Amino acid sequence: MIVKSICPFCGVGCGIDLEVEGGKIVRVLPDKTHVVSKGHLCGKGSVAFKSLYAEDRVLYPLKREGEKFVRISWKEAIEEIYIKLNDIIKKYGPFSVGFYGGCQNTLEEVYSFMKLARALGTNNVDSCARVCHDPSAIALKEMLGVGASSTSVVQIPKAKVLVIAGESITESHPVISQYIVELKRKGGKLIVIDPRLTGIAKIADLYLQISPSTDIYLFNAVANYLISNGLIDENFIKQRTEGFEDYKRVVSKYSIEDAEKITGIPREKIIEFAKLISQKPVIFSWGLGLTQSSGVNGVRALVNLALLTGNVGIEGGGLIVYRGQANVQGSGDLVKPNVFPNGKMDELHALQLKEVWGFKPPIQPGKTVTEALYGSNLKAIFLMNFNPAKSFPNRKVVEKFLSSLDLLVVIDSFMTETAKFAHYILPAAMWAEKEGSVTSLDRLVKWRFKAVNPPGEARPELEIIADLARKFGFNFSSDPKEVFNELKEVSIYSNLNFGEMTDYSLPSRYPQNDEVLYREKFLTEDGKAHFRPVEQPKLSKGMILITGREVTHYNTDELIVRSGFPEIPLEVFINPEDATRLGIKEGDEVEISSKCGSAKARVRLSRDIMRGVAFAYMHNTEINYVVCNDLDEESKTPKFKYIVINIRK
Ligand code: SF4
């Protein structure tokens with residue numbers, strides 16, 4: 001039997017065929033009909049099912065007793081959690097509780113989890129989108145109207161130029177490479193901006209090796225050059241945008257000469273970049289290299305360039321955000337501590353939600369997950385398929401906080417590093433053991449079908465959430481289709497059609513089923529796009545650590561190591577000239593330290609890394625003892641790509 005599904009790893013959301021024999025998945029094949037992946041699959045996708053059969057699946061509800069966990073029944077677990085949570089809410093109020101979810105959860109799961117939090121009276125809800133692309137969502141929403149990619153990866157071959165900033169496509173989103181190959185075959189130009197000569201940078205027509213976190217200076221200087229040389233789209237700016245004069249005034253201070261000194265990119269390359277993007281159509285795309293260093297303002301600076309050149313809302317032009325997880329786009333769309341799924345957090349929207357939910361949510365903004373974990377006074381936290389003890393920076397602080405809670409409930413399939421701190425662990429069904437929808441990085445929403453039953457007493461999250469809600473007197477559906485129909489009523493997903501979502505050969509994008517958004521008007525209140533002038537902040541001095549991905553690994557590697565791939569060692573890649581200066585050589589064991597902590601790593605020398613920069617793969621999460629919890633002021637996203645470090649033998 002073949003069951004259709006969507007790969008559980010990255011945000012490309014490739015279609016897969018699960019071959020099921022005797023109630024077990026035995027093979028994953030690429031779905032040849034899928035509208036984006038078109039029969040392609042990377043190494044991660046092809047072993048996606050293996051972790052379902054890992055030996056250490058959590059099979060029963062577990063309760064902490066001292067240093068051990070003991071098996072309890074579902075009835076006992078729900079009853080005890082209810083009593084403890086009720087006591088905490090009575091004693092400290094509902095805002096002492098937080099509900100935070102990972103981004104492998106389906107739309108229906110994140111929606112119900114968020115709704116449960118609000119039913120209990122708290123807006124402390126968030127997802128792991130906070131630590132990756134929330135800066136993109138914030139900037140895109142305010143400037144264009146929707147916090148998501150404005151175009152699809154399918155449009156890449158139609159572009160004359162593709163700009164990729166801070167993203168290693170061949171490692172992070174391999175299946176998109178097919179579109180870049182097609183772009184190049186058709187004569188399109190590829191520009192890559194990255195401190196590291198990545199695989200994709202090696203095939204670029206123009207590679208800009210940039211000093212970490214100097215993107216704003218580069219983009220503003222390019223804007224000034226374009227304006228000064230009449231290389232802008234005046235009609236587009238006049239008819240479809242607001243705020244150009246302010247923007248022009250701000251960028252007029254940014255010169256190509258200073259950009260060369262600050263970014264480390266030769267002047268002539270900056271000018272070539274400016275000239276290339278003055279054409280049409282151009283797609284501007286970016287990854288975590290931008291958001292986890294320059295934050296919301298970094299994204300604003302790049303989107304400003306797309307507006308300046310009139311490259312939004314046109315065939316072959318626009319903006320693509322390379323999202324890291326299968327449903328990270330959807331999680332961010334539905335769950336935020338300061339916004340309701342139906343819009344602003346205010347009385348009007350709360351009353352609209354009451355019509356559907358039967359209760360009115362509070363309108364006081366809650367805490368982001370980063371605010372909660374770094375120094376809040378929350379007393380109880382529910383984490384659903386979320387592993388911050390491993391994935392968050394400054395791990396020591398996170399570990400201390402998790403162990404200080406009065407109640408930590410972890411809903412997960414494995415005994416993760418985070419689950420080890422829990423008072424209760426509730427075993428969850430994995431992606432192929434239930435149904436539900438996920439949103440890919442280019443707004444495509446697809447339905448996953450159930451292939452096999454969960455093992456032991458593991459249950460779909462919707463059932464667990466509905467049980468908890470029932471104890472508090474709320475009637476939540478645990479049927480994924482019913483929940484999907486409900487979330488459509490109160491969110492940006494209202495246009496979706498179930499028939500299109502379940503047929504992988506058809507497009508099914510939100511908020512309009514079109515690869516290209518904003519063809520006629522922007523989805524802001526006034527229908528215009530808005531320039532947002534931003535300034536380059538002052539930077540710290542010293543060696544800068546950046547982190548990134550490796551193609552056969554994935555995030556904290558919880559699924560990958562359970563799929564048969566070996567663990568990745570902790571290595572730090574540095575330029576040979578830095579190594580000579582520091583008196584270290586290839587293979588040496590060194591200590592990397594920051595103001596937050598330290599870790600031991602093996603040195604690898606590479607001329608692909610610019611001088612003054614060190615690189616480590618994110619998958620060996622020992623590095624998160626070194627990465628600091630310095631947060632972007634606006635989005636509260638940690639700066640995983642800008643950590644001042646020392647390296648010594
Ligand atoms: S590119 Fe991403 S979605 Fe596609 S198979 Fe690989 S990991 Fe899965």
# chains A, B, ... in the order shown; residues from 1 in each chain; ligands from 1
$ residues_near_ligand --ligand "ligand 1" --cutoff "10 Å" --atoms "only C-alpha atoms and all ligand atoms" --output "PyMOL selection string"
chain A and resi 6-16+29-30+36-37+39-48+169-177+323-326+440-441+551-554
$ residues_around --residues "stretch 350-359 of chain A" --least-positions-apart "4" --cutoff "10 Å" --atoms "only C-alpha atoms" --output "ChimeraX atom specification"
/A:115,118-121,340-346,363,474-476,486-487,489-490
$ write_last_selection --atoms "N, CA and C atoms" --output "CSV table (one decimal), in the first residue's frame"
chain,number,residue,atom,x,y,z
A,115,LYS,N,-4.9,27.5,21.2
A,115,LYS,CA,-6.3,27.8,21.7
A,115,LYS,C,-6.5,27.3,23.1
A,118,ARG,N,-5.1,29.9,25.4
A,118,ARG,CA,-5.9,31.1,25.5
A,118,ARG,C,-7.2,30.7,26.3
A,119,ALA,N,-7.6,29.5,26.2
A,119,ALA,CA,-8.8,29.0,27.0
A,119,ALA,C,-8.5,29.1,28.4
A,120,LEU,N,-7.2,28.8,28.8
A,120,LEU,CA,-6.8,28.9,30.2
A,120,LEU,C,-6.5,30.3,30.7
A,121,GLY,N,-6.5,31.3,29.7
A,121,GLY,CA,-6.3,32.7,30.1
A,121,GLY,C,-5.0,33.2,29.9
A,340,PHE,N,-3.4,37.7,17.5
A,340,PHE,CA,-4.3,36.6,17.4
A,340,PHE,C,-4.2,36.0,16.0
A,341,PRO,N,-4.7,34.7,15.8
A,341,PRO,CA,-4.6,34.1,14.5
A,341,PRO,C,-5.5,34.9,13.5
A,342,ASN,N,-6.5,35.6,14.0
A,342,ASN,CA,-7.4,36.4,13.1
A,342,ASN,C,-7.0,37.9,13.0
A,343,GLY,N,-5.8,38.3,13.6
A,343,GLY,CA,-5.4,39.6,13.4
A,343,GLY,C,-4.9,40.2,14.7
A,344,LYS,N,-5.0,41.5,14.9
A,344,LYS,CA,-4.5,42.3,16.0
A,344,LYS,C,-5.0,41.7,17.3
A,345,MET,N,-4.2,41.9,18.4
A,345,MET,CA,-4.6,41.5,19.7
A,345,MET,C,-5.4,42.7,20.3
A,346,ASP,N,-6.7,42.7,20.1
A,346,ASP,CA,-7.5,43.8,20.7
A,346,ASP,C,-8.9,43.2,21.0
A,363,ILE,N,-6.5,39.9,26.2
A,363,ILE,CA,-5.8,40.7,25.2
A,363,ILE,C,-4.5,41.4,25.7
A,474,PHE,N,-13.6,22.7,28.5
A,474,PHE,CA,-13.7,23.1,27.2
A,474,PHE,C,-13.9,21.9,26.2
A,475,ASN,N,-14.7,22.1,25.2
A,475,ASN,CA,-14.9,21.0,24.3
A,475,ASN,C,-14.1,21.3,23.0
A,476,PHE,N,-13.0,20.6,22.9
A,476,PHE,CA,-12.1,20.7,21.7
A,476,PHE,C,-12.3,19.5,20.8
A,486,GLU,N,-12.1,24.7,11.4
A,486,GLU,CA,-12.2,25.7,12.3
A,486,GLU,C,-11.1,26.8,12.2
A,487,LEU,N,-9.9,26.3,12.0
A,487,LEU,CA,-8.8,27.3,11.9
A,487,LEU,C,-8.9,28.1,10.6
A,489,GLU,N,-11.6,29.4,9.6
A,489,GLU,CA,-12.5,30.5,9.9
A,489,GLU,C,-11.9,31.7,10.6
A,490,VAL,N,-10.7,31.4,11.3
A,490,VAL,CA,-10.2,32.5,12.1
A,490,VAL,C,-8.7,32.8,11.7
$ residues_around --residues "A:Ala469" --least-positions-apart "2" --cutoff "10 Å" --atoms "only C-alpha atoms" --output "VMD selection string"
chain A and resid 78 82 112 to 113 115 to 117 119 to 120 463 to 467 471 to 477
$ closest_residue --among "A:Val603, A:Ile164, A:Leu523, A:Ile216" --to "A:Ala201" --atoms "only C-alpha atoms"
A:Ile164
$ closest_residue --among "A:Leu218, A:Val339, A:Leu407, A:Leu506" --to "A:Leu444" --atoms "only C-alpha atoms"
A:Leu506
$ atom_distance --atom1 "atom CA of A:Pro281" --atom2 "atom CA of A:Asn235"
15.3 Å
$ atom_distance --atom1 "atom CA of A:Val192" --atom2 "atom CA of A:Glu633"
26.8 Å
$ closest_atom_pairs --of "stretch 441-557 of chain A" --to "stretch 257-266 of chain A" --cutoff "12 Å" --atoms "only C-alpha atoms" --output "tab-separated table"
residue	atom	partner	partner_atom	distance
A:Gln536	CA	A:Ile262	CA	10.2
A:Pro537	CA	A:Ile262	CA	11.6
A:Lys538	CA	A:Ile262	CA	10.6
A:Leu539	CA	A:Ile262	CA	10.0
$ closest_atom_pairs --of "stretch 168-234 of chain A" --to "stretch 605-626 of chain A" --cutoff "10 Å" --atoms "only C-alpha atoms" --output "tab-separated table"
residue	atom	partner	partner_atom	distance
A:Asp194	CA	A:Ile609	CA	9.5
A:Pro195	CA	A:Met610	CA	6.1
A:Arg196	CA	A:Ile609	CA	4.8
A:Leu197	CA	A:Asp608	CA	4.7
A:Thr198	CA	A:Asp608	CA	7.3
A:Gly199	CA	A:Asp608	CA	9.8
A:Ala201	CA	A:Asp608	CA	9.9
A:Lys202	CA	A:Asp608	CA	9.6
A:Gln209	CA	A:Met610	CA	7.3
A:Ile210	CA	A:Met610	CA	8.2
A:Ser211	CA	A:Met610	CA	7.8
A:Pro212	CA	A:Val613	CA	7.9
$ residues_around --residues "A:Asp526" --least-positions-apart "6" --cutoff "12 Å" --atoms "only C-alpha atoms" --output "PyMOL selection string"
chain A and resi 142-145+240-242
$ write_last_selection --atoms "N, CA, C and O atoms" --output "CSV table (one decimal), in the first residue's frame"
chain,number,residue,atom,x,y,z
A,142,GLU,N,4.7,43.7,7.9
A,142,GLU,CA,4.5,45.2,7.9
A,142,GLU,C,4.8,45.9,6.6
A,142,GLU,O,4.1,46.9,6.3
A,143,MET,N,5.7,45.4,5.8
A,143,MET,CA,6.0,46.1,4.6
A,143,MET,C,5.1,45.7,3.4
A,143,MET,O,4.9,46.5,2.5
A,144,LEU,N,4.7,44.4,3.3
A,144,LEU,CA,3.9,44.0,2.2
A,144,LEU,C,2.5,43.4,2.5
A,144,LEU,O,1.7,43.4,1.6
A,145,GLY,N,2.4,43.0,3.7
A,145,GLY,CA,1.0,42.5,4.1
A,145,GLY,C,0.9,41.1,4.6
A,145,GLY,O,0.1,40.7,5.4
A,240,ARG,N,3.0,52.2,-6.3
A,240,ARG,CA,2.7,51.1,-5.4
A,240,ARG,C,3.3,51.1,-4.0
A,240,ARG,O,3.2,50.1,-3.3
A,241,THR,N,4.1,52.2,-3.7
A,241,THR,CA,4.8,52.2,-2.4
A,241,THR,C,4.5,53.5,-1.7
A,241,THR,O,4.1,54.5,-2.2
A,242,GLU,N,4.9,53.4,-0.4
A,242,GLU,CA,4.9,54.6,0.5
A,242,GLU,C,6.2,54.6,1.2
A,242,GLU,O,6.9,53.6,1.4
$ residues_around --residues "A:Lys269" --least-positions-apart "4" --cutoff "9 Å" --atoms "only C-alpha atoms" --output "JSON, numbers by chain"
{"A": [206, 207, 208, 265, 273, 274]}
$ residues_around --residues "stretch 247-251 of chain A" --least-positions-apart "4" --cutoff "10 Å" --atoms "only C-alpha atoms" --output "JSON, numbers by chain"
{"A": [217, 219, 220, 221, 222, 223, 224, 225, 227, 228, 242, 243, 255, 301, 304, 308, 530, 531, 532, 533, 534, 535]}
$ write_last_selection --atoms "N, CA and C atoms" --output "compact mmCIF listing (two decimals), in the first residue's frame"
# COMPACT_ATOMS: atom_id res chain seq x y z
N TYR A 217 24.54 47.48 5.96
CA TYR A 217 25.39 48.48 5.31
C TYR A 217 25.45 48.22 3.81
N PHE A 219 23.29 46.60 1.82
CA PHE A 219 22.03 46.84 1.11
C PHE A 219 21.72 48.35 1.02
N ASN A 220 22.03 49.09 2.08
CA ASN A 220 21.77 50.54 2.04
C ASN A 220 22.70 51.24 1.05
N ALA A 221 23.96 50.81 1.01
CA ALA A 221 24.91 51.44 0.07
C ALA A 221 24.50 51.14 -1.37
N VAL A 222 24.04 49.92 -1.61
CA VAL A 222 23.58 49.55 -2.95
C VAL A 222 22.35 50.39 -3.32
N ALA A 223 21.46 50.59 -2.35
CA ALA A 223 20.26 51.41 -2.60
C ALA A 223 20.67 52.83 -2.98
N ASN A 224 21.63 53.37 -2.25
CA ASN A 224 22.09 54.74 -2.53
C ASN A 224 22.67 54.81 -3.95
N TYR A 225 23.45 53.80 -4.31
CA TYR A 225 24.05 53.76 -5.66
C TYR A 225 22.95 53.70 -6.73
N ILE A 227 19.82 54.67 -6.52
CA ILE A 227 19.06 55.93 -6.58
C ILE A 227 19.90 57.00 -7.28
N SER A 228 21.17 57.09 -6.89
CA SER A 228 22.05 58.13 -7.46
C SER A 228 22.26 57.95 -8.96
N GLU A 242 4.89 53.41 -0.39
CA GLU A 242 4.89 54.60 0.49
C GLU A 242 6.25 54.64 1.18
N GLY A 243 6.68 55.84 1.55
CA GLY A 243 7.86 55.97 2.41
C GLY A 243 9.18 56.09 1.68
N SER A 255 27.83 54.96 1.65
CA SER A 255 28.61 55.02 0.41
C SER A 255 29.18 53.65 0.05
N ALA A 301 16.05 45.74 5.20
CA ALA A 301 17.01 46.35 4.27
C ALA A 301 16.99 45.64 2.92
N ASN A 304 13.60 46.33 1.08
CA ASN A 304 13.65 47.68 0.51
C ASN A 304 14.25 47.66 -0.90
N LEU A 308 12.63 48.97 -4.34
CA LEU A 308 13.33 50.02 -5.09
C LEU A 308 13.44 49.66 -6.57
N HIS A 530 5.43 49.26 1.82
CA HIS A 530 6.01 50.34 2.64
C HIS A 530 7.52 50.16 2.78
N PHE A 531 8.27 51.17 2.31
CA PHE A 531 9.71 51.17 2.59
C PHE A 531 9.90 51.32 4.09
N ARG A 532 10.89 50.64 4.63
CA ARG A 532 11.22 50.81 6.05
C ARG A 532 12.72 51.09 6.15
N PRO A 533 13.10 52.37 6.26
CA PRO A 533 14.52 52.69 6.37
C PRO A 533 15.12 52.12 7.65
N VAL A 534 16.31 51.57 7.54
CA VAL A 534 16.97 51.01 8.73
C VAL A 534 18.45 51.40 8.71
N GLU A 535 19.04 51.40 9.87
CA GLU A 535 20.45 51.79 9.99
C GLU A 535 21.31 50.60 10.40
$ atom_distance --atom1 "atom CA of A:Asp215" --atom2 "atom CA of A:Arg604"
26.4 Å
